[in-house]
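*Asks:* Dropping in entry_0.cif, which is mmCIF, C-alpha atoms and all ligand atoms:
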data_upload
loop_
_atom_site.label_atom_id
_atom_site.label_comp_id
_atom_site.auth_asym_id
_atom_site.auth_seq_id
_atom_site.Cartn_x
_atom_site.Cartn_y
_atom_site.Cartn_z
CA MET A 5 -111.85 10.53 106.83
CA ASP A 6 -113.00 13.49 104.73
CA SER A 7 -111.46 16.90 105.30
CA ARG A 8 -114.67 18.44 106.75
CA PHE A 9 -114.91 15.69 109.37
CA LYS A 10 -111.21 16.06 110.15
CA ARG A 11 -111.57 19.85 110.58
CA ALA A 12 -114.61 19.39 112.86
CA LEU A 13 -112.68 16.88 114.96
CA ILE A 14 -109.70 19.22 115.32
CA GLU A 15 -111.99 22.11 116.30
CA ARG A 16 -113.71 20.00 118.96
CA LEU A 17 -110.37 18.85 120.40
CA THR A 18 -109.00 22.41 120.33
CA GLY A 19 -112.05 23.57 122.31
CA GLU A 20 -111.48 20.74 124.80
CA LEU A 21 -107.82 21.72 125.14
CA GLU A 22 -108.83 25.34 125.75
CA ALA A 23 -111.23 24.21 128.51
CA ALA A 24 -108.52 21.93 129.96
CA ARG A 25 -106.34 25.00 130.60
CA SER A 26 -108.77 26.16 133.30
CA ILE A 27 -109.04 22.87 135.19
CA ASP A 28 -108.25 23.55 138.81
CA ALA A 29 -105.51 21.28 140.21
CA GLY A 30 -106.79 21.94 143.76
CA GLU A 31 -110.24 20.60 142.88
CA ILE A 32 -108.85 17.49 141.21
CA ALA A 33 -106.52 16.99 144.20
CA ALA A 34 -109.50 17.19 146.58
CA GLU A 35 -111.31 14.54 144.51
CA ILE A 36 -108.25 12.27 144.55
CA LYS A 37 -107.87 12.75 148.29
CA ASN A 38 -111.51 11.92 148.81
CA ILE A 39 -111.26 8.74 146.69
CA GLY A 40 -107.98 7.75 148.34
CA PHE A 41 -105.08 5.98 146.69
CA SER A 42 -101.75 4.38 147.46
CA CYS A 43 -99.76 2.37 144.90
CA LEU A 44 -99.23 -1.15 146.28
CA MET A 45 -96.46 -1.80 143.72
CA CYS A 46 -98.27 -5.05 142.88
CA GLY A 47 -97.71 -4.74 139.10
CA ARG A 48 -101.29 -5.91 138.38
CA CYS A 49 -101.92 -2.98 136.02
CA CYS A 50 -98.88 -4.07 133.97
CA ARG A 51 -100.13 -7.64 133.48
CA SER A 52 -102.70 -8.87 131.00
CA GLU A 53 -104.34 -11.44 133.30
CA HIS A 54 -105.98 -8.59 135.27
CA GLY A 55 -107.66 -6.92 132.27
CA ASP A 56 -106.72 -4.33 129.69
CA ASN A 57 -103.06 -3.43 130.28
CA SER A 58 -102.44 -1.57 127.02
CA VAL A 59 -100.39 1.59 127.50
CA ILE A 60 -100.74 4.27 124.82
CA VAL A 61 -97.44 6.10 124.40
CA SER A 62 -96.53 9.31 122.61
CA PRO A 63 -93.46 9.62 120.33
CA ALA A 64 -91.73 11.71 123.03
CA GLU A 65 -92.37 9.06 125.67
CA ILE A 66 -91.04 6.34 123.36
CA GLU A 67 -87.89 8.38 122.77
CA ASN A 68 -87.49 8.89 126.50
CA ILE A 69 -87.76 5.14 127.16
CA CYS A 70 -85.31 4.40 124.30
CA LEU A 71 -82.80 6.78 125.87
CA TYR A 72 -83.26 5.26 129.31
CA THR A 73 -83.19 1.59 128.28
CA GLY A 74 -80.95 1.72 125.19
CA LEU A 75 -83.63 -0.17 123.25
CA GLU A 76 -84.75 0.61 119.70
CA HIS A 77 -88.13 2.22 118.98
CA MET A 78 -89.64 -0.97 117.59
CA SER A 79 -88.65 -2.94 120.69
CA VAL A 80 -90.33 -0.38 122.94
CA ALA A 81 -93.55 0.31 121.05
CA GLN A 82 -95.85 -1.46 118.64
CA PRO A 83 -98.92 -0.62 116.61
CA PRO A 84 -102.07 -0.92 118.75
CA HIS A 85 -103.97 -4.20 118.49
CA GLU A 86 -100.84 -6.06 117.39
CA SER A 87 -101.04 -8.34 120.40
CA SER A 88 -104.74 -8.01 121.14
CA ARG A 89 -106.20 -9.20 117.81
CA ASP A 90 -105.38 -12.13 115.57
CA LEU A 91 -104.87 -10.53 112.17
CA ARG A 92 -104.54 -13.97 110.54
CA GLU A 93 -108.32 -14.28 110.98
CA ARG A 94 -110.22 -12.98 107.94
CA ARG A 95 -113.03 -11.84 110.28
CA THR A 96 -110.62 -9.56 112.16
CA LEU A 97 -109.44 -8.02 108.89
CA GLU A 98 -113.06 -7.50 107.82
CA GLU A 99 -113.71 -5.59 111.04
CA LEU A 100 -110.67 -3.42 110.25
CA SER A 101 -111.44 -2.98 106.53
CA ASP A 102 -111.86 0.83 106.90
CA MET A 103 -108.24 0.90 108.05
CA ILE A 104 -106.71 -1.16 105.20
CA ASP A 105 -105.41 0.56 102.07
CA ILE A 106 -105.04 -0.76 98.52
CA GLN A 107 -101.54 -2.10 99.23
CA GLY A 108 -102.91 -4.09 102.15
CA ASN A 109 -101.23 -1.80 104.72
CA ILE A 110 -103.09 -1.65 108.03
CA HIS A 111 -103.38 1.92 109.31
CA THR A 112 -103.42 2.60 113.04
CA PHE A 113 -103.54 5.66 115.28
CA GLY A 114 -100.62 6.00 117.69
CA TRP A 115 -98.48 3.44 119.49
CA GLU A 116 -98.73 1.28 122.54
CA LEU A 117 -95.98 -0.19 124.71
CA ALA A 118 -94.71 -3.52 123.43
CA ARG A 119 -95.84 -6.62 125.26
CA LYS A 120 -94.37 -10.00 126.01
CA LYS A 121 -95.83 -13.15 124.41
CA ASN A 122 -98.08 -13.61 127.46
CA GLY A 123 -99.48 -10.08 127.01
CA ASP A 124 -97.65 -8.48 129.97
CA CYS A 125 -95.82 -5.19 129.49
CA ILE A 126 -92.26 -5.90 128.33
CA PHE A 127 -90.91 -3.84 131.22
CA ILE A 128 -92.52 -5.69 134.12
CA GLN A 129 -90.16 -8.21 135.70
CA ASP A 130 -91.41 -11.67 136.64
CA ILE A 131 -92.60 -11.80 140.25
CA ALA A 132 -89.69 -14.09 141.21
CA ALA A 133 -87.22 -11.62 139.64
CA GLY A 134 -88.53 -8.65 141.67
CA ASN A 135 -91.85 -7.58 140.06
CA LYS A 136 -90.36 -4.18 139.25
CA CYS A 137 -90.82 -1.87 136.28
CA THR A 138 -87.45 -1.81 134.52
CA THR A 139 -88.12 1.60 132.97
CA TYR A 140 -89.66 3.12 136.11
CA PRO A 141 -87.94 6.57 136.01
CA ALA A 142 -88.87 6.89 132.30
CA ARG A 143 -92.28 5.20 132.42
CA PRO A 144 -95.12 6.82 130.44
CA THR A 145 -97.45 9.26 132.19
CA LEU A 146 -100.30 6.80 131.79
CA CYS A 147 -98.38 4.57 134.22
CA SER A 148 -97.32 7.32 136.63
CA THR A 149 -100.90 8.63 136.91
CA TYR A 150 -102.68 5.25 136.99
CA PRO A 151 -105.49 4.65 138.05
CA PHE A 152 -106.56 8.28 137.42
CA TYR A 153 -107.23 10.02 134.13
CA ILE A 154 -109.36 12.88 132.83
CA GLU A 155 -111.98 12.49 130.15
CA GLU A 156 -114.00 15.42 128.79
CA GLY A 157 -112.80 17.53 131.72
CA GLU A 158 -113.89 15.04 134.42
CA LEU A 159 -111.69 12.92 136.68
CA ARG A 160 -112.16 9.20 136.04
CA VAL A 161 -110.77 6.19 137.86
CA SER A 162 -109.77 2.73 136.60
CA GLU A 163 -109.90 -0.43 138.68
CA CYS A 164 -107.05 -0.68 141.19
CA GLU A 165 -106.43 -2.45 144.49
CA GLY A 166 -104.76 0.69 145.86
CA LEU A 167 -107.92 2.80 145.70
CA GLY A 168 -109.46 3.83 149.02
CA LYS A 169 -106.11 4.00 150.81
CA GLU A 170 -105.10 7.19 152.55
CA ILE A 171 -103.25 9.84 150.54
CA GLY A 172 -101.81 13.09 151.88
CA PRO A 173 -102.62 16.58 150.54
CA ASP A 174 -99.21 17.16 148.92
CA GLU A 175 -99.23 13.80 147.21
CA SER A 176 -102.80 14.33 145.93
CA LEU A 177 -101.85 17.72 144.55
CA GLU A 178 -98.77 16.35 142.81
CA LEU A 179 -100.82 13.53 141.30
CA ALA A 180 -103.58 15.96 140.25
CA ARG A 181 -101.04 18.16 138.44
CA LYS A 182 -99.65 15.13 136.61
CA VAL A 183 -103.12 13.90 135.62
CA ILE A 184 -104.03 17.33 134.23
CA ALA A 185 -100.70 17.65 132.37
CA ARG A 186 -101.24 14.19 130.87
CA TYR A 187 -104.77 15.15 129.73
CA ARG A 188 -103.48 18.30 128.01
CA GLU A 189 -100.57 16.44 126.39
CA GLU A 190 -102.89 13.75 125.07
CA LEU A 191 -105.17 16.38 123.56
CA LYS A 192 -102.22 18.18 121.93
CA GLU A 193 -100.89 14.88 120.56
CA THR A 194 -104.29 13.96 119.12
CA ILE A 195 -104.73 17.38 117.49
CA LEU A 196 -101.29 17.10 115.87
CA LEU A 197 -102.06 13.55 114.77
CA TYR A 198 -105.19 14.67 112.91
CA GLU A 199 -103.43 17.72 111.47
CA ASN A 200 -100.74 15.45 109.98
CA TYR A 201 -103.15 12.73 108.95
CA GLU A 202 -103.46 12.02 105.21
CA SER A 203 -106.49 9.96 104.31
CA PHE A 204 -106.27 6.91 102.02
CA ILE A 205 -108.63 4.76 99.96
CA SER A 206 -109.98 1.92 102.06
CA GLY A 207 -112.43 -0.85 101.27
CA PRO A 208 -113.23 -4.53 101.78
CA GLU A 209 -111.45 -5.48 98.51
CA ASN A 210 -108.14 -4.45 100.13
CA ILE A 211 -108.42 -7.29 102.63
CA ASN A 212 -107.16 -9.79 100.01
CA LYS A 213 -103.93 -7.84 99.64
CA ALA A 214 -103.45 -7.85 103.43
CA ILE A 215 -104.11 -11.62 103.46
CA GLU A 216 -101.47 -12.10 100.73
CA ASN A 217 -98.94 -10.24 102.89
CA ILE A 218 -99.87 -12.27 105.97
CA ARG A 219 -99.42 -15.54 104.01
CA GLU A 220 -95.90 -14.34 103.25
CA GLY A 221 -95.41 -13.86 107.00
CA ILE A 222 -95.58 -10.06 107.20
CA ILE A 223 -98.00 -7.36 108.30
CA ASN A 224 -97.37 -3.89 106.95
CA TYR A 225 -98.59 -1.11 109.22
CA ILE A 226 -98.83 2.62 108.66
CA VAL A 227 -98.87 4.19 112.12
CA HIS A 228 -100.21 7.76 112.29
CA ASP A 229 -98.96 9.80 115.21
CA SER A 230 -98.33 13.43 116.12
CA THR A 231 -95.10 13.46 114.08
CA GLY A 232 -96.58 12.04 110.87
CA SER A 233 -97.09 8.59 109.29
CA HIS A 234 -94.65 5.74 109.82
CA ARG A 235 -94.47 2.53 107.85
CA THR A 236 -93.40 -0.54 109.76
CA THR A 237 -93.24 -4.19 108.76
CA ARG A 238 -93.82 -6.80 111.44
CA ARG A 239 -92.95 -10.46 110.94
CA ILE A 240 -95.46 -13.02 112.13
CA SER A 241 -95.01 -16.71 112.78
S1 LIG B 301 -93.94 0.76 131.75
FE1 LIG B 301 -93.64 0.00 133.84
S2 LIG B 301 -95.38 0.83 135.03
FE2 LIG B 301 -95.92 1.00 132.83
S3 LIG B 301 -97.07 -0.89 132.35
FE3 LIG B 301 -94.90 -1.29 131.87
S4 LIG B 301 -94.02 -2.23 133.73
FE4 LIG B 301 -95.98 -1.24 134.30
#
Starting from the coordinates I provided, produce the structure as structure tokens.
Ligand code: SF4
*Replies:*
Amino acid sequence: MDSRFKRALIERLTGELEAARSIDAGEIAAEIKNIGFSCLMCGRCCRSEHGDNSVIVSPAEIENICLYTGLEHMSVAQPPHESSRDLRERRTLEELSDMIDIQGNIHTFGWELARKKNGDCIFIQDIAAGNKCTTYPARPTLCSTYPFYIEEGELRVSECEGLGKEIGPDESLELARKVIARYREELKETILLYENYESFISGPENINKAIENIREGIINYIVHDSTGSHRTTRRIS
């Protein structure tokens, strides 16, 4: 990423953040009320069998979950695409070649919540055990605002069985405020991420170095987030 592109990206995001400051919570609440929503506590959005269940988390949210659960950072969060792509496949590495440096480190943007082997969020209990979120009071805002989010200033809605159910005015307003706060936070996080981001030399020739690491049973990641760049080594079987 050259510095001119990075600057242009930061300027665009800063403009979006500025515009986000004037989003009216009452208008968003009216939209939510009109759409209707009630959480059925079914846990479907936490499970992989019902579609994309990845949860992007900020460093502050990870810290919050660590404090609540007593778990370490690397047990709570992982580099994105760790569980969604098979990095032992050369084809996958070729697709990611722009994100691999000369030491074979795979660079990623931000973190996502760790998942179980079956792809479910690590915090969702089995149905027989109660089907509850074990970090509920400290869950990320993506979870507490699901299925709503804001993109380019507009309210958007993900698939959810609870849509269309009646919601009261106070509850819609509270949800609207949370959705707007999440949108602003995400923009701030992304701006900081790009401000801290140091580019590196990528290229298809670096894939061989990544393959060497993988043969030795490790994947080295450099995760870029709003607090800087973090190197992490993951063992693979
Ligand atoms: S943190 Fe809780 S609410 Fe969010 S995906 Fe995981 S189990 Fe579901």
*Asks:* List all protein, DNA and RNA residues that have at least one atom no more than 12 Å from any atom of ligand LIG 301 (chain B), counting all atoms listed in the file, and write them as a PyMOL selection string.
*Replies:* chain A and resi 43+45-52+56-61+65-66+68-70+72-73+80-81+116-120+123-131+134-151
*Asks:* Using all atoms listed in the file, which of A:Asn212, A:Ser203, A:Leu179, A:Thr194 sits nearest A:Ser42?
*Replies:*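 Once distances to A:Ser42 are computed over all atoms listed in the file, the minimum belongs to A:Leu179.
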*Asks:* Which polymer residues have any atom within 12 Å of an atom of A:Gly157, counting only C-alpha atoms, with same-chain residues fewer than 2 positions away left out, as a list in words?
*Replies:*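 That gives Leu17, Gly19, Glu20, Leu21, Glu22, Ala23, Ala24, Arg25, Ser26, Ile27, Asp28, Ala29, Glu31, Ile32, Tyr153, Ile154, Glu155, Leu159, Arg160, Val183, Ile184, Tyr187, Arg188 and Leu191 of chain A.
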*Asks:* Let me make sure I understand: among A:Ser101, A:Ser233, A:Ser162, A:Thr112, which one has the smallest atom-to-atom distance to A:Ser206 if we use all atoms listed in the file?
*Replies:*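 Closest residue, counting all atoms listed in the file: A:Ser101.
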*Asks:* How many Å separate atom CA of A:Thr96 from atom CA of A:Gly221?
*Replies:* 16.6 Å
*Asks:* Rank A:Arg186, A:Lys192, A:Arg94, A:Arg239 by their smallest atom-to-atom distance to A:Tyr225, using all atoms listed in the file, and report the top residue only.
*Replies:*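 Residue with the minimum atom-to-atom distance to A:Tyr225: A:Arg239.
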*Asks:* In Å, how far is it from atom CA of A:Glu193 to atom CA of A:His77?
*Replies:* 18.0 Å
*Asks:* One decimal, in Å: what's the spacing between atom CA of A:Asn109 and atom CA of A:Glu190?
*Replies:*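 We find that atom CA of A:Asn109 and atom CA of A:Glu190 lie 25.7 Å from each other.
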*Asks:* Using all atoms listed in the file, which protein or nucleic acid residues come within 12 Å of A:Leu197? Drop anything in the same chain fewer than 6 positions from it, and give the result as a ChimeraX atom specification.
*Replies:* /A:10,13-14,17,62-63,112-115,190-191,203,227-234
*Asks:* Write out as a PyMOL selection string each polymer residue whose atoms come within 8 Å of A:Leu167, counting all atoms listed in the file; drop sequence neighbours fewer than 6 positions from it.
*Replies:* chain A and resi 39-42
*Asks:* What lies within 10 Å of A:Asp102 using all atoms listed in the file, ignoring chain neighbours under 3 positions off, as a PyMOL selection string?
*Replies:* chain A and resi 5+97-99+105+110-111+204-208+210-211
*Asks:* Hey, which of A:Gly55, A:Ala34, A:Met103, A:Phe152 ends up closest to A:Lys182? Count only C-alpha atoms.
*Replies:*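 Closest residue, counting only C-alpha atoms: A:Phe152.
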*Asks:* So, with all atoms listed in the file as the atoms that count, which of A:Glu158, A:Glu53, A:Glu15, A:Glu220 lies closest to A:Ala180?
*Replies:* A:Glu158
